[in-house]
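Dropping my_file.txt in here (compact mmCIF, C-alpha atoms):
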# COMPACT_ATOMS: atom_id res chain seq x y z
CA MET A 1 10.27 -16.39 24.14
CA LEU A 2 12.10 -19.41 22.84
CA VAL A 3 15.81 -18.63 22.56
CA LEU A 4 18.01 -20.80 20.34
CA THR A 5 21.74 -20.52 19.68
CA ARG A 6 22.81 -21.02 16.07
CA LYS A 7 26.14 -20.82 14.25
CA LEU A 8 26.85 -19.56 10.77
CA ASP A 9 24.99 -21.61 8.12
CA GLU A 10 22.81 -23.30 10.72
CA SER A 11 19.04 -23.04 10.46
CA ILE A 12 15.84 -23.31 12.38
CA MET A 13 12.59 -24.67 11.04
CA ILE A 14 9.25 -23.08 11.90
CA GLY A 15 6.57 -25.61 11.13
CA ASP A 16 7.08 -27.65 7.99
CA ASP A 17 7.77 -25.00 5.43
CA ILE A 18 9.52 -22.00 6.99
CA LYS A 19 13.31 -22.15 7.29
CA ILE A 20 15.52 -19.41 8.69
CA THR A 21 19.27 -19.69 8.15
CA VAL A 22 22.09 -17.58 9.59
CA VAL A 23 23.97 -16.62 6.41
CA GLY A 24 26.23 -13.89 7.76
CA VAL A 25 27.49 -12.40 11.02
CA ARG A 26 29.51 -9.22 11.08
CA GLY A 27 29.91 -7.10 14.20
CA ASP A 28 26.44 -6.45 15.59
CA GLN A 29 24.67 -7.36 12.35
CA VAL A 30 23.23 -10.75 11.60
CA LYS A 31 22.17 -11.66 8.07
CA LEU A 32 19.32 -14.14 7.87
CA GLY A 33 18.07 -16.14 4.93
CA ILE A 34 14.36 -16.86 5.04
CA GLU A 35 12.61 -19.52 2.99
CA ALA A 36 8.86 -19.39 3.30
CA PRO A 37 5.84 -20.05 1.10
CA ARG A 38 4.88 -17.05 -0.97
CA HIS A 39 1.65 -16.49 0.94
CA ILE A 40 3.54 -15.93 4.20
CA PRO A 41 4.44 -12.24 4.47
CA VAL A 42 7.97 -11.63 5.81
CA HIS A 43 8.91 -8.12 6.88
CA ARG A 44 11.37 -6.28 9.07
CA GLU A 45 9.40 -5.36 12.16
CA GLU A 46 10.12 -1.63 12.01
CA ILE A 47 8.88 -1.41 8.42
CA TYR A 48 5.74 -3.29 9.34
CA ARG A 49 5.11 -0.89 12.25
CA GLU A 50 5.63 2.11 9.97
CA ILE A 51 3.04 0.84 7.51
CA GLN A 52 0.63 0.11 10.33
CA GLU A 53 1.03 3.65 11.66
CA GLU A 54 0.65 5.23 8.21
CA ASN A 55 -2.51 3.21 7.53
CA ARG A 56 -3.96 4.45 10.79
CA ARG A 57 -3.17 8.04 9.83
CA ALA A 58 -4.80 7.47 6.44
CA ALA A 59 -8.03 5.93 7.74
CA LEU A 60 -10.86 8.40 7.20
CA PRO A 61 -13.06 9.24 10.17
CA ALA A 62 -16.36 7.39 9.87
CA ASP A 63 -18.36 10.51 10.71
CA GLY A 64 -16.50 12.60 8.14
CA ALA A 65 -15.97 15.27 10.80
CA ASN A 66 -13.15 16.90 8.89
CA LEU A 67 -13.69 15.70 5.34
CA THR A 68 -16.69 16.40 3.11
CA GLN A 69 -17.52 15.16 -0.35
CA ASP A 70 -16.64 18.65 -1.59
CA ASP A 71 -13.24 18.35 0.04
CA LEU A 72 -12.69 15.06 -1.70
CA THR A 73 -13.83 16.41 -5.05
CA ARG A 74 -11.50 19.37 -4.66
CA LEU A 75 -8.78 17.01 -3.60
CA ALA A 76 -9.33 14.94 -6.71
CA THR A 77 -9.71 17.76 -9.21
CA GLY A 78 -7.08 19.86 -7.49
CA THR A 79 -4.45 17.32 -8.37
CA LYS A 80 -5.15 17.44 -12.08
CA PRO A 81 -2.84 20.42 -12.71
CA VAL A 82 0.01 18.19 -11.59
CA ARG A 83 -0.14 16.52 -14.96
CA GLU A 84 -1.37 19.49 -16.94
CA ALA A 85 1.49 21.63 -15.66
CA SER A 86 3.89 20.22 -18.21
CA ALA A 87 3.83 21.90 -21.61
CA PRO A 88 1.25 20.32 -23.93
CA PRO A 89 2.53 18.69 -27.12
CA GLY A 90 3.06 21.25 -29.83
CA ALA A 91 3.48 24.12 -27.40
CA PRO A 92 6.06 26.66 -28.51
CA ALA A 93 9.50 26.05 -27.11
CA PRO A 94 10.52 28.46 -24.35
CA PRO A 95 12.70 31.31 -25.58
CA GLY A 96 16.42 31.01 -25.17
CA MET B 1 -29.48 -4.10 -2.41
CA PRO B 2 -27.20 -3.60 0.59
CA THR B 3 -26.11 -0.12 1.60
CA VAL B 4 -23.24 1.33 3.57
CA ARG B 5 -23.33 4.64 5.42
CA ASN B 6 -20.39 6.99 5.21
CA TRP B 7 -20.06 10.75 5.49
CA TRP B 8 -21.89 11.17 2.15
CA GLY B 9 -24.90 9.32 3.37
CA GLU B 10 -26.15 5.93 2.23
CA ILE B 11 -24.38 4.26 -0.67
CA SER B 12 -25.95 1.25 -2.38
CA TYR B 13 -23.79 -1.51 -3.75
CA ALA B 14 -24.16 -5.03 -5.10
CA THR B 15 -22.75 -7.97 -3.22
CA GLU B 16 -20.63 -8.82 -6.28
CA ASP B 17 -18.93 -5.42 -5.87
CA ILE B 18 -17.40 -6.55 -2.59
CA ILE B 19 -13.62 -7.00 -2.56
CA THR B 20 -12.35 -9.32 0.15
CA PHE B 21 -8.99 -8.74 1.81
CA PRO B 22 -8.40 -12.13 3.46
CA ARG B 23 -5.66 -10.67 5.70
CA GLY B 24 -7.28 -7.27 6.00
CA ILE B 25 -5.17 -4.13 5.69
CA ILE B 26 -2.13 -3.78 7.95
CA GLY B 27 -3.29 -2.36 11.25
CA PHE B 28 -6.91 -3.24 10.40
CA GLU B 29 -6.59 -6.99 10.02
CA GLY B 30 -10.13 -7.61 11.22
CA VAL B 31 -11.77 -5.56 8.45
CA LYS B 32 -11.92 -7.73 5.37
CA GLN B 33 -14.76 -6.55 3.10
CA TYR B 34 -14.64 -3.36 1.07
CA ILE B 35 -16.07 -1.69 -2.00
CA LEU B 36 -14.27 0.75 -4.33
CA ILE B 37 -16.20 3.98 -4.91
CA PRO B 38 -15.10 6.12 -7.88
CA LEU B 39 -14.55 9.84 -7.40
CA GLY B 40 -15.68 11.21 -10.74
CA GLU B 41 -13.14 11.14 -13.56
CA THR B 42 -10.19 11.15 -11.22
CA PRO B 43 -7.51 8.61 -10.36
CA PHE B 44 -8.89 8.59 -6.80
CA ARG B 45 -11.26 6.06 -5.26
CA ILE B 46 -12.69 5.54 -1.83
CA LEU B 47 -12.00 2.12 -0.40
CA GLN B 48 -14.99 1.78 1.87
CA ALA B 49 -15.41 -1.02 4.37
CA VAL B 50 -18.85 -2.61 4.26
CA ASP B 51 -18.65 -4.63 7.46
CA GLY B 52 -20.16 -1.91 9.64
CA SER B 53 -16.80 -0.68 10.93
CA GLY B 54 -17.10 2.62 9.03
CA LEU B 55 -13.46 2.30 7.97
CA ALA B 56 -12.58 4.04 4.70
CA PHE B 57 -9.47 5.17 2.85
CA VAL B 58 -8.78 7.47 -0.06
CA VAL B 59 -6.74 5.49 -2.58
CA VAL B 60 -5.15 6.53 -5.86
CA ASP B 61 -3.90 4.93 -9.03
CA PRO B 62 -0.15 5.48 -8.59
CA ASN B 63 0.50 5.52 -12.33
CA SER B 64 -1.26 8.87 -12.45
CA PHE B 65 1.54 10.39 -10.42
CA VAL B 66 4.70 8.38 -10.79
CA GLU B 67 6.47 6.78 -13.69
CA GLY B 68 8.06 3.38 -13.55
CA TYR B 69 6.17 2.19 -10.48
CA GLU B 70 6.05 -1.50 -11.11
CA LEU B 71 5.48 -4.44 -8.86
CA ALA B 72 6.67 -7.96 -9.33
CA LEU B 73 3.27 -9.58 -9.19
CA ALA B 74 2.75 -13.30 -8.96
CA ASN B 75 1.88 -14.76 -12.35
CA ASP B 76 -1.69 -15.42 -11.35
CA GLU B 77 -2.10 -11.79 -10.36
CA GLU B 78 -1.09 -10.14 -13.61
CA GLY B 79 -3.76 -7.69 -14.53
CA ALA B 80 -4.53 -6.89 -10.91
CA ALA B 81 -5.25 -3.24 -10.15
CA ILE B 82 -2.75 -1.35 -8.01
CA TYR B 83 -3.85 1.41 -5.67
CA CYS B 84 -1.90 3.36 -3.09
CA ILE B 85 -3.44 4.56 0.15
CA VAL B 86 -3.55 8.35 0.42
CA THR B 87 -2.99 10.12 3.72
CA VAL B 88 -4.98 13.35 3.84
CA PRO B 89 -3.80 15.65 6.62
CA ASN B 90 -5.76 18.71 7.79
CA ASP B 91 -4.28 20.65 4.88
CA PRO B 92 -5.25 18.47 1.88
CA ALA B 93 -2.51 20.14 -0.17
CA GLN B 94 -0.05 18.14 1.93
CA MET B 95 -1.56 14.79 1.03
CA THR B 96 0.78 11.91 0.37
CA ALA B 97 0.50 8.46 -1.14
CA ASN B 98 2.03 5.36 0.39
CA LEU B 99 4.11 3.85 -2.40
CA ARG B 100 5.85 1.50 0.00
CA ALA B 101 2.81 -0.64 0.72
CA PRO B 102 0.40 -0.65 -2.24
CA LEU B 103 -2.91 -2.45 -2.43
CA VAL B 104 -3.00 -5.21 -5.03
CA ILE B 105 -6.60 -5.89 -6.04
CA ASP B 106 -7.64 -8.71 -8.32
CA LEU B 107 -10.85 -7.26 -9.74
CA VAL B 108 -11.90 -10.56 -11.28
CA ARG B 109 -11.56 -12.69 -8.16
CA ARG B 110 -12.54 -9.69 -6.03
CA GLN B 111 -9.60 -10.26 -3.70
CA GLY B 112 -7.10 -7.78 -2.36
CA ARG B 113 -4.05 -7.55 -0.17
CA GLN B 114 -1.59 -4.94 1.02
CA GLU B 115 1.91 -5.70 -0.13
CA ILE B 116 5.04 -4.27 1.50
CA LEU B 117 7.66 -3.66 -1.17
CA GLU B 118 11.30 -4.41 -0.47
CA GLU B 119 12.33 -1.59 -2.77
CA ALA B 120 12.85 1.67 -0.95
CA TYR B 121 9.72 3.39 -2.26
CA PRO B 122 8.60 6.27 -0.06
CA LEU B 123 5.98 5.83 2.62
CA ARG B 124 4.85 9.43 2.07
CA PHE B 125 5.10 10.44 -1.55
CA PRO B 126 3.79 14.02 -2.01
CA LEU B 127 1.08 14.10 -4.67
CA ARG B 128 1.42 17.80 -5.43
CA LYS B 129 4.55 17.70 -7.49
CA PRO B 130 5.51 16.97 -11.08
CA VAL B 131 5.52 13.43 -12.29
CA THR B 132 8.82 11.94 -11.28
CA SER B 133 10.49 8.68 -10.60
CA PRO B 134 9.81 7.39 -7.10
CA VAL B 135 13.31 6.00 -6.97
CA GLU B 136 14.78 9.51 -7.03
CA VAL B 137 13.08 10.44 -3.80
CA ALA B 138 13.51 7.10 -2.10
CA ALA B 139 16.10 6.83 0.62
CA GLY B 140 18.23 3.72 0.63
CA ASP B 141 18.36 1.90 3.93
CA GLY B 142 22.12 1.49 3.87
CA GLY B 143 23.92 -0.88 6.15
CA ASP B 144 26.90 -3.07 5.50
CA LEU B 145 24.91 -6.21 5.01
CA GLU B 146 22.80 -5.47 2.00
CA ASP B 147 19.44 -7.13 1.69
CA LYS B 148 18.69 -9.03 -1.41
CA GLU B 149 16.50 -11.84 -2.52
CA VAL B 150 18.46 -14.88 -3.54
CA GLY B 151 16.50 -17.07 -5.88
CA ALA B 152 12.76 -17.48 -5.67
CA SER B 153 11.05 -18.34 -2.44
CA ALA B 154 9.42 -21.73 -2.31
Spell out the structure here as structure tokens.
Amino acid sequence: MLVLTRKLDESIMIGDDIKITVVGVRGDQVKLGIEAPRHIPVHREEIYREIQEENRRAALPADGANLTQDDLTRLATGTKPVREASAPPGAPAPPG
Amino acid sequence: MPTVRNWWGEISYATEDIITFPRGIIGFEGVKQYILIPLGETPFRILQAVDGSGLAFVVVDPNSFVEGYELALANDEEGAAIYCIVTVPNDPAQMTANLRAPLVIDLVRRQGRQEILEEAYPLRFPLRKPVTSPVEVAAGDGGDLEDKEVGASA
């Protein structure tokens, strides 16, 4: 790992178009400003790992061992009451 | 016409149905070609890989479940479809949608990507509850040094 020492307001360049600037230091927290082209994703590592883990949990098994088309249909139709649960327009107001 | 095999059997599709994710989906960066399979008249779809990996996800139109879920899309992406990946545990009643990292799919260019939102939208938003604002259930990430975007990135 390349280790560089920087002071407040100093930057490093990564390639031609990514610039990281130290914009704040307080206690054990460092605030970084990142300028990068829009197509370069920039994320906190722990968030990225969380998404990665959740995607892996969400991936369906290729052999469908625990999920059938019926399950999925039930899943899909079973969620409809979520929206239908609210009183339809024109329904009588609840007493009281 | 090409076909893909999943747990339903063989599904035929047209090559123009293919949606390419140039960077893949986070954790599955090597899988780049998918099709979207409708599930009847529901807000759910199956995002099915067609590269032979067998990878598939249940995805959902988030606007069916949450109000005010809006993304700041790049100008050239306005009109793109937004889907959230659904995690289906052994008890499907406990399924959740990932509002933190939605899929942005340009259905005209047939290109997609997974975006990680800076807003504190929940990673596991329960789908079995009344329509509500995702912000109400989101936890802020605190800290003295607040994160914010200053100006537009280059």
Fill in: Selection: 9 Å around region 104-114 of chain B, only C-alpha atoms, excl. self and same-chain fewer than 4 positions, as a ChimeraX atom specification
/B:16-26,73,77-84
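Counting all atoms listed in the file and comparing A:Arg38, A:Arg44, A:Lys7, A:Lys19, the residue that lies closest to chain B is A:Arg38.
Here CA of Thr87 (chain B) is placed at a distance of 14.7 Å from CA of Gln48 (chain B).
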Spatial neighbours of Arg56 (chain A), 12 Å, all atoms listed in the file, chain gap at least 6 places, as a JSON list (two decimals) with C-alpha atoms, in the coordinates of the input:
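Writing the result to part30.json gives the following:
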[["chain", "number", "residue", "atom", "x", "y", "z"],
["A", 49, "ARG", "CA", 5.11, -0.89, 12.25],
["A", 50, "GLU", "CA", 5.63, 2.11, 9.97],
["B", 25, "ILE", "CA", -5.17, -4.13, 5.69],
["B", 26, "ILE", "CA", -2.13, -3.78, 7.95],
["B", 27, "GLY", "CA", -3.29, -2.36, 11.25],
["B", 28, "PHE", "CA", -6.91, -3.24, 10.40],
["B", 29, "GLU", "CA", -6.59, -6.99, 10.02],
["B", 55, "LEU", "CA", -13.46, 2.30, 7.97],
["B", 56, "ALA", "CA", -12.58, 4.04, 4.70],
["B", 57, "PHE", "CA", -9.47, 5.17, 2.85],
["B", 85, "ILE", "CA", -3.44, 4.56, 0.15],
["B", 86, "VAL", "CA", -3.55, 8.35, 0.42],
["B", 87, "THR", "CA", -2.99, 10.12, 3.72],
["B", 88, "VAL", "CA", -4.98, 13.35, 3.84],
["B", 89, "PRO", "CA", -3.80, 15.65, 6.62]]
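Of the residues listed (B:Arg128, B:Gly52, B:Glu70, B:Glu115), B:Glu115 shows the shortest atom-to-atom separation from Ile40 (chain A); distances use only C-alpha atoms.
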Response to the item:
As a check of understanding: the span from CA of Gln29 (chain A) to CA of Ile51 (chain A) is 23.6 Å
Worksheet item: Neighbours of Ile12 (chain A) within 12 Å (only C-alpha atoms; same-chain residues fewer than 5 positions away dropped), as a list of chain:residue names?
Response: A:Leu2, A:Val3, A:Leu4, A:Thr5, A:Arg6, A:Lys7, A:Asp17, A:Ile18, A:Lys19, A:Ile20, A:Thr21, A:Val22, A:Leu32, A:Gly33, A:Ile34, A:Glu35
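Between CA of Pro92 (chain B) and CA of Leu60 (chain A) the separation is 12.7 Å.
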Using all atoms listed in the file, determine which residues lie at most 8 Å from Tyr13 (chain B), disregarding the query and same-chain residues fewer than 4 positions distant; provide the list as a compact mmCIF listing (two decimals) with C-alpha atoms, keeping the file's coordinate frame.
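And here's around10.txt as it stands now:
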# COMPACT_ATOMS: atom_id res chain seq x y z
CA MET B 1 -29.48 -4.10 -2.41
CA PRO B 2 -27.20 -3.60 0.59
CA THR B 3 -26.11 -0.12 1.60
CA VAL B 4 -23.24 1.33 3.57
CA ASP B 17 -18.93 -5.42 -5.87
CA ILE B 35 -16.07 -1.69 -2.00
Fill in: Residue contacts of Asn63 (chain B) (9 Å, all atoms listed in the file) excluding same-chain residues fewer than 3 positions away, as a list in words
Pro43, Val60, Val66, Glu67, Gly68, Tyr69, Ile82 and Tyr83 of chain B
